[in-house]
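Student: The structure's right below; bear with me while I get my questions together.
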Amino acid sequence: MRNLTRFSEEANDSQICGTCTSCCRWDGEVRFSPDELETLADYLKMDVRDCAEKFFELSDDRRNLRLRMGQGDPCPFISEKGCTIYEARPVQCRNFPYVWVREEAKLMEECELFKAILKRNNLTLQDLQNEKD
Ligand code: SF4
Ligand code: SF4
């Protein structure tokens with residue numbers, strides 16, 4: 001998987017996303033560290049244990065917490081207006097699509113921010129795919 005963190009985030013990156021919430025609806029895991037769980041519980045004004053039990057399960061490697069959701073389900077915190085826990089979202093979401101890039105072709109189709117990152121760095125999808133993992 002490729003990592004785009006060598007490209008700095010720009011001030012208007014969140015504006016590029018606009019009302020798109022596509023990445024919150026893709027298959028995959030949304031992982032939270034213990035600190036991020038505490039931040040979320042605070043944000044939701046919940047007891048940490050209650051928050052963990054209500055929203056989380058252990059990841060397959062049993063090392064992390066991930067949001068509980070059925071296969072094909074969107075993130076439970078997405079709404080028509082966007083992320084309902086935006087201020088308390090985990091670093092995985094804050095870093096998207098800079099870290100652990102995969103499915104570049106899908107990103108190219110669906111992610112305006114990914115395309116903007118490539119464009120401002122004069123990269124094509126092929127350049128990125130030619131890089132070694
Ligand atoms: S926590 Fe928020 S930003 Fe992250 S996937 Fe869920 S809705 Fe999207
Ligand atoms: S990161 Fe990409 S897919 Fe996610 S909301 Fe922004 S533009 Fe949409």
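Numbering starts fresh at 1 for the residues of each chain in the structure tokens, the chains themselves are lettered A, B, ... in the order given, and ligands are numbered from 1 as they appear.
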Please, which residues have at least one atom within 8 Å of an atom of ligand 2, using only C-alpha atoms and all ligand atoms, listed as a list in words?
Tutor: Ser14, Ile16, Cys17, Gly18, Thr19, Cys20, Thr21, Ser22, Cys23, Cys24, Phe96, Pro97, Leu107, Glu110, Cys111, Glu112, Leu113 and Phe114 of chain A
Student: Mind the document's chain letters and residue numbers, and return as a list in words the residues of chain A that DSSP labels strand (DSSP E or B).
Tutor: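 Reading the DSSP output for chain A, strand (DSSP E or B) covers Arg2, Arg31, Phe32, Phe56, Glu57, Leu58, Leu65, Arg66, Leu67, Ile78, Ser79, Gly82, Cys83 and Val101 of chain A.
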Student: Keeping N, CA and C atoms, export the residues of the selection given above as a CSV table (one decimal), in the first residue's frame.
Tutor:
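Once everything was written out, this is part20.csv:
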```
chain,number,residue,atom,x,y,z
A,2,ARG,N,0.5,2.2,-0.7
A,2,ARG,CA,1.3,3.5,-0.8
A,2,ARG,C,0.8,4.5,0.2
A,31,ARG,N,-10.7,2.2,12.5
A,31,ARG,CA,-10.1,1.8,13.8
A,31,ARG,C,-9.9,3.0,14.7
A,32,PHE,N,-10.0,2.8,16.0
A,32,PHE,CA,-9.8,3.8,17.0
A,32,PHE,C,-8.8,3.3,18.0
A,56,PHE,N,-18.2,-0.6,19.4
A,56,PHE,CA,-16.9,-1.2,18.9
A,56,PHE,C,-16.9,-2.7,19.1
A,57,GLU,N,-15.9,-3.3,18.4
A,57,GLU,CA,-15.5,-4.7,18.5
A,57,GLU,C,-14.0,-4.7,18.3
A,58,LEU,N,-13.4,-5.9,18.6
A,58,LEU,CA,-12.0,-6.1,18.4
A,58,LEU,C,-11.7,-6.3,16.9
A,65,LEU,N,-9.4,-1.6,18.3
A,65,LEU,CA,-10.8,-1.5,18.3
A,65,LEU,C,-11.2,-1.0,17.0
A,66,ARG,N,-12.3,-1.5,16.5
A,66,ARG,CA,-12.9,-1.0,15.2
A,66,ARG,C,-14.4,-0.8,15.4
A,67,LEU,N,-14.9,0.2,14.6
A,67,LEU,CA,-16.4,0.4,14.7
A,67,LEU,C,-17.1,-0.9,14.2
A,78,ILE,N,-22.0,8.2,9.9
A,78,ILE,CA,-22.3,9.0,8.7
A,78,ILE,C,-23.7,9.4,8.7
A,79,SER,N,-24.0,10.6,8.3
A,79,SER,CA,-25.4,11.0,8.1
A,79,SER,C,-25.5,11.8,6.7
A,82,GLY,N,-23.1,14.5,6.7
A,82,GLY,CA,-21.7,14.3,6.9
A,82,GLY,C,-21.4,13.5,8.2
A,83,CYS,N,-20.1,13.6,8.6
A,83,CYS,CA,-19.7,12.9,9.8
A,83,CYS,C,-20.3,13.5,11.0
A,101,VAL,N,-2.7,4.2,1.1
A,101,VAL,CA,-3.5,4.3,-0.1
A,101,VAL,C,-3.6,2.9,-0.8
```
Student: Go ahead and compute the interatomic distance for atom CA of Glu29 of chain A and atom CA of Leu44 of chain A, in Å to one decimal.
Tutor: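 Between these atoms lies a distance of 20.6 Å.
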Student: Using only C-alpha atoms and all ligand atoms, can you tell me which of A:Glu87, A:Glu38, A:Glu9, A:Asp47 comes closest to ligand 1?
Tutor: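 Among the listed residues, A:Glu87 lies closest to ligand 1.
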Student: Quick one: everything within 12 Å of Glu10 of chain A, counting only C-alpha atoms, minus sequence neighbours fewer than 4 positions away in the same chain. Send it as a list in words.
Tutor: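 My reading of the contact set: Thr5, Ser14, Gln15, Ile16, Tyr98, Leu113, Ala116, Ile117, Arg120 and Asn121 of chain A.
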Student: Can I get the selection written as a compact mmCIF listing (two decimals), in the first residue's frame, with N, CA and C atoms?
Tutor:
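Saved file again.txt follows:
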```txt
# COMPACT_ATOMS: atom_id res chain seq x y z
N THR A 5 1.91 10.59 2.50
CA THR A 5 2.17 11.61 3.53
C THR A 5 3.31 12.54 3.14
N SER A 14 -10.10 20.15 3.05
CA SER A 14 -11.41 19.73 3.55
C SER A 14 -12.52 20.34 2.71
N GLN A 15 -12.23 21.51 2.10
CA GLN A 15 -13.25 22.12 1.23
C GLN A 15 -13.41 21.32 -0.06
N ILE A 16 -12.31 20.72 -0.52
CA ILE A 16 -12.39 19.93 -1.74
C ILE A 16 -13.39 18.78 -1.55
N TYR A 98 -4.40 10.24 2.58
CA TYR A 98 -2.95 10.38 2.53
C TYR A 98 -2.20 9.12 2.95
N LEU A 113 -10.46 14.64 -3.70
CA LEU A 113 -9.26 15.05 -2.96
C LEU A 113 -8.04 14.28 -3.44
N ALA A 116 -6.96 15.75 -6.59
CA ALA A 116 -6.33 17.07 -6.37
C ALA A 116 -4.91 16.91 -5.86
N ILE A 117 -4.68 15.93 -5.01
CA ILE A 117 -3.32 15.70 -4.49
C ILE A 117 -2.39 15.31 -5.64
N ARG A 120 -1.76 18.48 -7.97
CA ARG A 120 -0.86 19.54 -7.50
C ARG A 120 0.57 19.04 -7.32
N ASN A 121 0.76 17.71 -7.39
CA ASN A 121 2.12 17.16 -7.33
C ASN A 121 2.58 16.62 -8.68
```
Student: Determine which residues of chain A receive a DSSP assignment of helix (DSSP H, G or I), computed from the backbone, and state them as a PDB file with N, CA and C atoms, in the first residue's frame.
Tutor:
```
ATOM      1  N   ASP A  13      -8.035  21.499   1.680  1.00  0.00           N
ATOM      2  CA  ASP A  13      -8.336  20.100   1.375  1.00  0.00           C
ATOM      3  C   ASP A  13      -9.717  19.676   1.873  1.00  0.00           C
ATOM      4  N   SER A  14     -10.096  20.147   3.053  1.00  0.00           N
ATOM      5  CA  SER A  14     -11.410  19.733   3.555  1.00  0.00           C
ATOM      6  C   SER A  14     -12.523  20.343   2.710  1.00  0.00           C
ATOM      7  N   GLN A  15     -12.231  21.514   2.100  1.00  0.00           N
ATOM      8  CA  GLN A  15     -13.254  22.115   1.229  1.00  0.00           C
ATOM      9  C   GLN A  15     -13.407  21.319  -0.057  1.00  0.00           C
ATOM     10  N   ILE A  16     -12.309  20.720  -0.515  1.00  0.00           N
ATOM     11  CA  ILE A  16     -12.392  19.927  -1.745  1.00  0.00           C
ATOM     12  C   ILE A  16     -13.386  18.779  -1.554  1.00  0.00           C
ATOM     13  N   CYS A  17     -13.408  18.205  -0.349  1.00  0.00           N
ATOM     14  CA  CYS A  17     -14.339  17.103  -0.084  1.00  0.00           C
ATOM     15  C   CYS A  17     -15.795  17.563  -0.252  1.00  0.00           C
ATOM     16  N   SER A  22     -18.149   9.740   0.304  1.00  0.00           N
ATOM     17  CA  SER A  22     -17.963   8.431  -0.316  1.00  0.00           C
ATOM     18  C   SER A  22     -17.086   7.507   0.523  1.00  0.00           C
ATOM     19  N   CYS A  23     -15.960   8.036   1.033  1.00  0.00           N
ATOM     20  CA  CYS A  23     -15.030   7.152   1.752  1.00  0.00           C
ATOM     21  C   CYS A  23     -15.633   6.627   3.056  1.00  0.00           C
ATOM     22  N   CYS A  24     -16.636   7.295   3.576  1.00  0.00           N
ATOM     23  CA  CYS A  24     -17.284   6.830   4.816  1.00  0.00           C
ATOM     24  C   CYS A  24     -18.264   5.687   4.527  1.00  0.00           C
ATOM     25  N   ARG A  25     -18.436   5.400   3.250  1.00  0.00           N
ATOM     26  CA  ARG A  25     -19.404   4.367   2.849  1.00  0.00           C
ATOM     27  C   ARG A  25     -18.729   3.172   2.188  1.00  0.00           C
ATOM     28  N   PRO A  34      -7.122   3.533  21.909  1.00  0.00           N
ATOM     29  CA  PRO A  34      -7.767   3.754  23.204  1.00  0.00           C
ATOM     30  C   PRO A  34      -7.992   5.239  23.489  1.00  0.00           C
ATOM     31  N   ASP A  35      -7.012   6.087  23.146  1.00  0.00           N
ATOM     32  CA  ASP A  35      -7.186   7.534  23.370  1.00  0.00           C
ATOM     33  C   ASP A  35      -8.334   8.083  22.522  1.00  0.00           C
ATOM     34  N   GLU A  36      -8.424   7.585  21.306  1.00  0.00           N
ATOM     35  CA  GLU A  36      -9.498   8.069  20.430  1.00  0.00           C
ATOM     36  C   GLU A  36     -10.867   7.604  20.924  1.00  0.00           C
ATOM     37  N   LEU A  37     -10.903   6.414  21.511  1.00  0.00           N
ATOM     38  CA  LEU A  37     -12.159   5.960  22.119  1.00  0.00           C
ATOM     39  C   LEU A  37     -12.566   6.905  23.241  1.00  0.00           C
ATOM     40  N   GLU A  38     -11.600   7.300  24.061  1.00  0.00           N
ATOM     41  CA  GLU A  38     -11.913   8.231  25.165  1.00  0.00           C
ATOM     42  C   GLU A  38     -12.408   9.562  24.628  1.00  0.00           C
ATOM     43  N   THR A  39     -11.745  10.047  23.582  1.00  0.00           N
ATOM     44  CA  THR A  39     -12.166  11.318  22.979  1.00  0.00           C
ATOM     45  C   THR A  39     -13.598  11.214  22.463  1.00  0.00           C
ATOM     46  N   LEU A  40     -13.888  10.086  21.822  1.00  0.00           N
ATOM     47  CA  LEU A  40     -15.239   9.893  21.283  1.00  0.00           C
ATOM     48  C   LEU A  40     -16.271   9.817  22.414  1.00  0.00           C
ATOM     49  N   ALA A  41     -15.939   9.061  23.452  1.00  0.00           N
ATOM     50  CA  ALA A  41     -16.878   8.933  24.576  1.00  0.00           C
ATOM     51  C   ALA A  41     -17.157  10.312  25.185  1.00  0.00           C
ATOM     52  N   ASP A  42     -16.100  11.110  25.352  1.00  0.00           N
ATOM     53  CA  ASP A  42     -16.266  12.480  25.863  1.00  0.00           C
ATOM     54  C   ASP A  42     -17.198  13.268  24.969  1.00  0.00           C
ATOM     55  N   TYR A  43     -16.925  13.175  23.677  1.00  0.00           N
ATOM     56  CA  TYR A  43     -17.693  13.941  22.691  1.00  0.00           C
ATOM     57  C   TYR A  43     -19.172  13.552  22.734  1.00  0.00           C
ATOM     58  N   VAL A  48     -16.967   5.614  28.948  1.00  0.00           N
ATOM     59  CA  VAL A  48     -16.082   4.986  27.964  1.00  0.00           C
ATOM     60  C   VAL A  48     -16.476   3.526  27.729  1.00  0.00           C
ATOM     61  N   ARG A  49     -16.765   2.820  28.818  1.00  0.00           N
ATOM     62  CA  ARG A  49     -17.111   1.402  28.666  1.00  0.00           C
ATOM     63  C   ARG A  49     -18.421   1.242  27.875  1.00  0.00           C
ATOM     64  N   ASP A  50     -19.390   2.095  28.179  1.00  0.00           N
ATOM     65  CA  ASP A  50     -20.670   2.024  27.443  1.00  0.00           C
ATOM     66  C   ASP A  50     -20.456   2.313  25.959  1.00  0.00           C
ATOM     67  N   CYS A  51     -19.603   3.312  25.696  1.00  0.00           N
ATOM     68  CA  CYS A  51     -19.322   3.689  24.307  1.00  0.00           C
ATOM     69  C   CYS A  51     -18.658   2.513  23.583  1.00  0.00           C
ATOM     70  N   ALA A  52     -17.676   1.889  24.249  1.00  0.00           N
ATOM     71  CA  ALA A  52     -16.974   0.755  23.642  1.00  0.00           C
ATOM     72  C   ALA A  52     -17.956  -0.374  23.342  1.00  0.00           C
ATOM     73  N   GLU A  53     -18.820  -0.648  24.307  1.00  0.00           N
ATOM     74  CA  GLU A  53     -19.753  -1.772  24.111  1.00  0.00           C
ATOM     75  C   GLU A  53     -20.773  -1.470  23.019  1.00  0.00           C
ATOM     76  N   LYS A  54     -21.177  -0.214  22.953  1.00  0.00           N
ATOM     77  CA  LYS A  54     -22.226   0.123  21.982  1.00  0.00           C
ATOM     78  C   LYS A  54     -21.711   0.158  20.543  1.00  0.00           C
ATOM     79  N   PHE A  55     -20.498   0.692  20.356  1.00  0.00           N
ATOM     80  CA  PHE A  55     -20.060   0.962  18.981  1.00  0.00           C
ATOM     81  C   PHE A  55     -18.899   0.111  18.482  1.00  0.00           C
ATOM     82  N   TYR A  86     -17.440  14.547  13.699  1.00  0.00           N
ATOM     83  CA  TYR A  86     -16.313  15.108  12.948  1.00  0.00           C
ATOM     84  C   TYR A  86     -15.161  15.533  13.860  1.00  0.00           C
ATOM     85  N   GLU A  87     -15.479  16.264  14.931  1.00  0.00           N
ATOM     86  CA  GLU A  87     -14.411  16.766  15.810  1.00  0.00           C
ATOM     87  C   GLU A  87     -13.725  15.627  16.558  1.00  0.00           C
ATOM     88  N   ALA A  88     -14.399  14.488  16.672  1.00  0.00           N
ATOM     89  CA  ALA A  88     -13.839  13.371  17.439  1.00  0.00           C
ATOM     90  C   ALA A  88     -13.497  12.186  16.536  1.00  0.00           C
ATOM     91  N   VAL A  91      -7.765   9.355  13.783  1.00  0.00           N
ATOM     92  CA  VAL A  91      -6.697   9.805  12.873  1.00  0.00           C
ATOM     93  C   VAL A  91      -6.795   9.114  11.521  1.00  0.00           C
ATOM     94  N   GLN A  92      -7.304   7.892  11.504  1.00  0.00           N
ATOM     95  CA  GLN A  92      -7.482   7.194  10.230  1.00  0.00           C
ATOM     96  C   GLN A  92      -8.329   8.029   9.275  1.00  0.00           C
ATOM     97  N   CYS A  93      -9.385   8.622   9.805  1.00  0.00           N
ATOM     98  CA  CYS A  93     -10.260   9.438   8.961  1.00  0.00           C
ATOM     99  C   CYS A  93      -9.597  10.779   8.642  1.00  0.00           C
ATOM    100  N   ARG A  94      -8.893  11.343   9.629  1.00  0.00           N
ATOM    101  CA  ARG A  94      -8.228  12.628   9.393  1.00  0.00           C
ATOM    102  C   ARG A  94      -7.171  12.514   8.309  1.00  0.00           C
ATOM    103  N   ASN A  95      -6.543  11.361   8.219  1.00  0.00           N
ATOM    104  CA  ASN A  95      -5.449  11.168   7.263  1.00  0.00           C
ATOM    105  C   ASN A  95      -5.903  10.718   5.884  1.00  0.00           C
ATOM    106  N   GLU A 104      -6.311   2.464  -5.831  1.00  0.00           N
ATOM    107  CA  GLU A 104      -6.113   3.785  -6.444  1.00  0.00           C
ATOM    108  C   GLU A 104      -7.116   4.065  -7.555  1.00  0.00           C
ATOM    109  N   ALA A 105      -7.457   3.025  -8.316  1.00  0.00           N
ATOM    110  CA  ALA A 105      -8.392   3.248  -9.426  1.00  0.00           C
ATOM    111  C   ALA A 105      -9.744   3.714  -8.888  1.00  0.00           C
ATOM    112  N   LYS A 106     -10.168   3.120  -7.776  1.00  0.00           N
ATOM    113  CA  LYS A 106     -11.446   3.539  -7.169  1.00  0.00           C
ATOM    114  C   LYS A 106     -11.328   4.968  -6.629  1.00  0.00           C
ATOM    115  N   LEU A 107     -10.183   5.261  -6.021  1.00  0.00           N
ATOM    116  CA  LEU A 107      -9.967   6.631  -5.540  1.00  0.00           C
ATOM    117  C   LEU A 107     -10.033   7.614  -6.697  1.00  0.00           C
ATOM    118  N   MET A 108      -9.442   7.229  -7.812  1.00  0.00           N
ATOM    119  CA  MET A 108      -9.420   8.107  -8.977  1.00  0.00           C
ATOM    120  C   MET A 108     -10.825   8.375  -9.485  1.00  0.00           C
ATOM    121  N   GLU A 109     -11.691   7.377  -9.351  1.00  0.00           N
ATOM    122  CA  GLU A 109     -13.071   7.546  -9.807  1.00  0.00           C
ATOM    123  C   GLU A 109     -13.894   8.356  -8.818  1.00  0.00           C
ATOM    124  N   GLU A 110     -13.664   8.144  -7.526  1.00  0.00           N
ATOM    125  CA  GLU A 110     -14.622   8.647  -6.536  1.00  0.00           C
ATOM    126  C   GLU A 110     -14.105   9.734  -5.611  1.00  0.00           C
ATOM    127  N   GLU A 112     -12.348  13.243  -5.107  1.00  0.00           N
ATOM    128  CA  GLU A 112     -11.848  14.497  -5.678  1.00  0.00           C
ATOM    129  C   GLU A 112     -10.562  14.931  -4.983  1.00  0.00           C
ATOM    130  N   LEU A 113     -10.459  14.636  -3.697  1.00  0.00           N
ATOM    131  CA  LEU A 113      -9.259  15.046  -2.960  1.00  0.00           C
ATOM    132  C   LEU A 113      -8.037  14.276  -3.442  1.00  0.00           C
ATOM    133  N   PHE A 114      -8.193  12.985  -3.669  1.00  0.00           N
ATOM    134  CA  PHE A 114      -7.088  12.182  -4.182  1.00  0.00           C
ATOM    135  C   PHE A 114      -6.617  12.748  -5.519  1.00  0.00           C
ATOM    136  N   LYS A 115      -7.575  13.067  -6.379  1.00  0.00           N
ATOM    137  CA  LYS A 115      -7.217  13.613  -7.689  1.00  0.00           C
ATOM    138  C   LYS A 115      -6.504  14.957  -7.539  1.00  0.00           C
ATOM    139  N   ALA A 116      -6.959  15.753  -6.585  1.00  0.00           N
ATOM    140  CA  ALA A 116      -6.333  17.067  -6.375  1.00  0.00           C
ATOM    141  C   ALA A 116      -4.906  16.913  -5.864  1.00  0.00           C
ATOM    142  N   ILE A 117      -4.680  15.926  -5.010  1.00  0.00           N
ATOM    143  CA  ILE A 117      -3.317  15.698  -4.485  1.00  0.00           C
ATOM    144  C   ILE A 117      -2.388  15.314  -5.636  1.00  0.00           C
ATOM    145  N   LEU A 118      -2.859  14.402  -6.490  1.00  0.00           N
ATOM    146  CA  LEU A 118      -2.036  14.003  -7.626  1.00  0.00           C
ATOM    147  C   LEU A 118      -1.761  15.207  -8.530  1.00  0.00           C
ATOM    148  N   LYS A 119      -2.804  15.972  -8.801  1.00  0.00           N
ATOM    149  CA  LYS A 119      -2.659  17.086  -9.739  1.00  0.00           C
ATOM    150  C   LYS A 119      -1.654  18.112  -9.226  1.00  0.00           C
ATOM    151  N   ARG A 120      -1.762  18.483  -7.973  1.00  0.00           N
ATOM    152  CA  ARG A 120      -0.861  19.541  -7.496  1.00  0.00           C
ATOM    153  C   ARG A 120       0.574  19.039  -7.321  1.00  0.00           C
ATOM    154  N   LEU A 125      -1.940   8.732 -12.141  1.00  0.00           N
ATOM    155  CA  LEU A 125      -2.250   7.477 -11.447  1.00  0.00           C
ATOM    156  C   LEU A 125      -1.182   6.435 -11.779  1.00  0.00           C
ATOM    157  N   GLN A 126      -0.743   6.452 -13.042  1.00  0.00           N
ATOM    158  CA  GLN A 126       0.272   5.477 -13.459  1.00  0.00           C
ATOM    159  C   GLN A 126       1.581   5.682 -12.709  1.00  0.00           C
ATOM    160  N   ASP A 127       1.970   6.958 -12.502  1.00  0.00           N
ATOM    161  CA  ASP A 127       3.201   7.222 -11.735  1.00  0.00           C
ATOM    162  C   ASP A 127       3.103   6.570 -10.364  1.00  0.00           C
ATOM    163  N   LEU A 128       1.956   6.743  -9.746  1.00  0.00           N
ATOM    164  CA  LEU A 128       1.780   6.218  -8.385  1.00  0.00           C
ATOM    165  C   LEU A 128       1.811   4.688  -8.392  1.00  0.00           C
ATOM    166  N   GLN A 129       1.158   4.131  -9.396  1.00  0.00           N
ATOM    167  CA  GLN A 129       1.114   2.668  -9.466  1.00  0.00           C
ATOM    168  C   GLN A 129       2.472   2.075  -9.811  1.00  0.00           C
ATOM    169  N   ASN A 130       3.332   2.872 -10.455  1.00  0.00           N
ATOM    170  CA  ASN A 130       4.656   2.388 -10.795  1.00  0.00           C
ATOM    171  C   ASN A 130       5.603   2.388  -9.593  1.00  0.00           C
TER     172      ASN A 130
END
```
Student: Which residue is closest to ligand 1? Choose from A:Glu131, A:Glu80, A:Asp60, A:Glu103 and count only C-alpha atoms and all ligand atoms.
Tutor: A:Glu80
Student: Between atom 4 (Fe, counted along the ligand's line) of ligand 1 and atom CA of Arg89 of chain A, measure the distance and give it in Å to one decimal.
Tutor: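 Pair atom 4 (Fe, counted along the ligand's line) of ligand 1 / atom CA of Arg89 of chain A returns 5.5 Å.
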Student: So how many Å separate atom 2 (Fe, counted along the ligand's line) of ligand 1 and atom CA of Thr84 of chain A, to one decimal?
Tutor: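 Atom 2 (Fe, counted along the ligand's line) of ligand 1 sits 6.4 Å away from atom CA of Thr84 of chain A.
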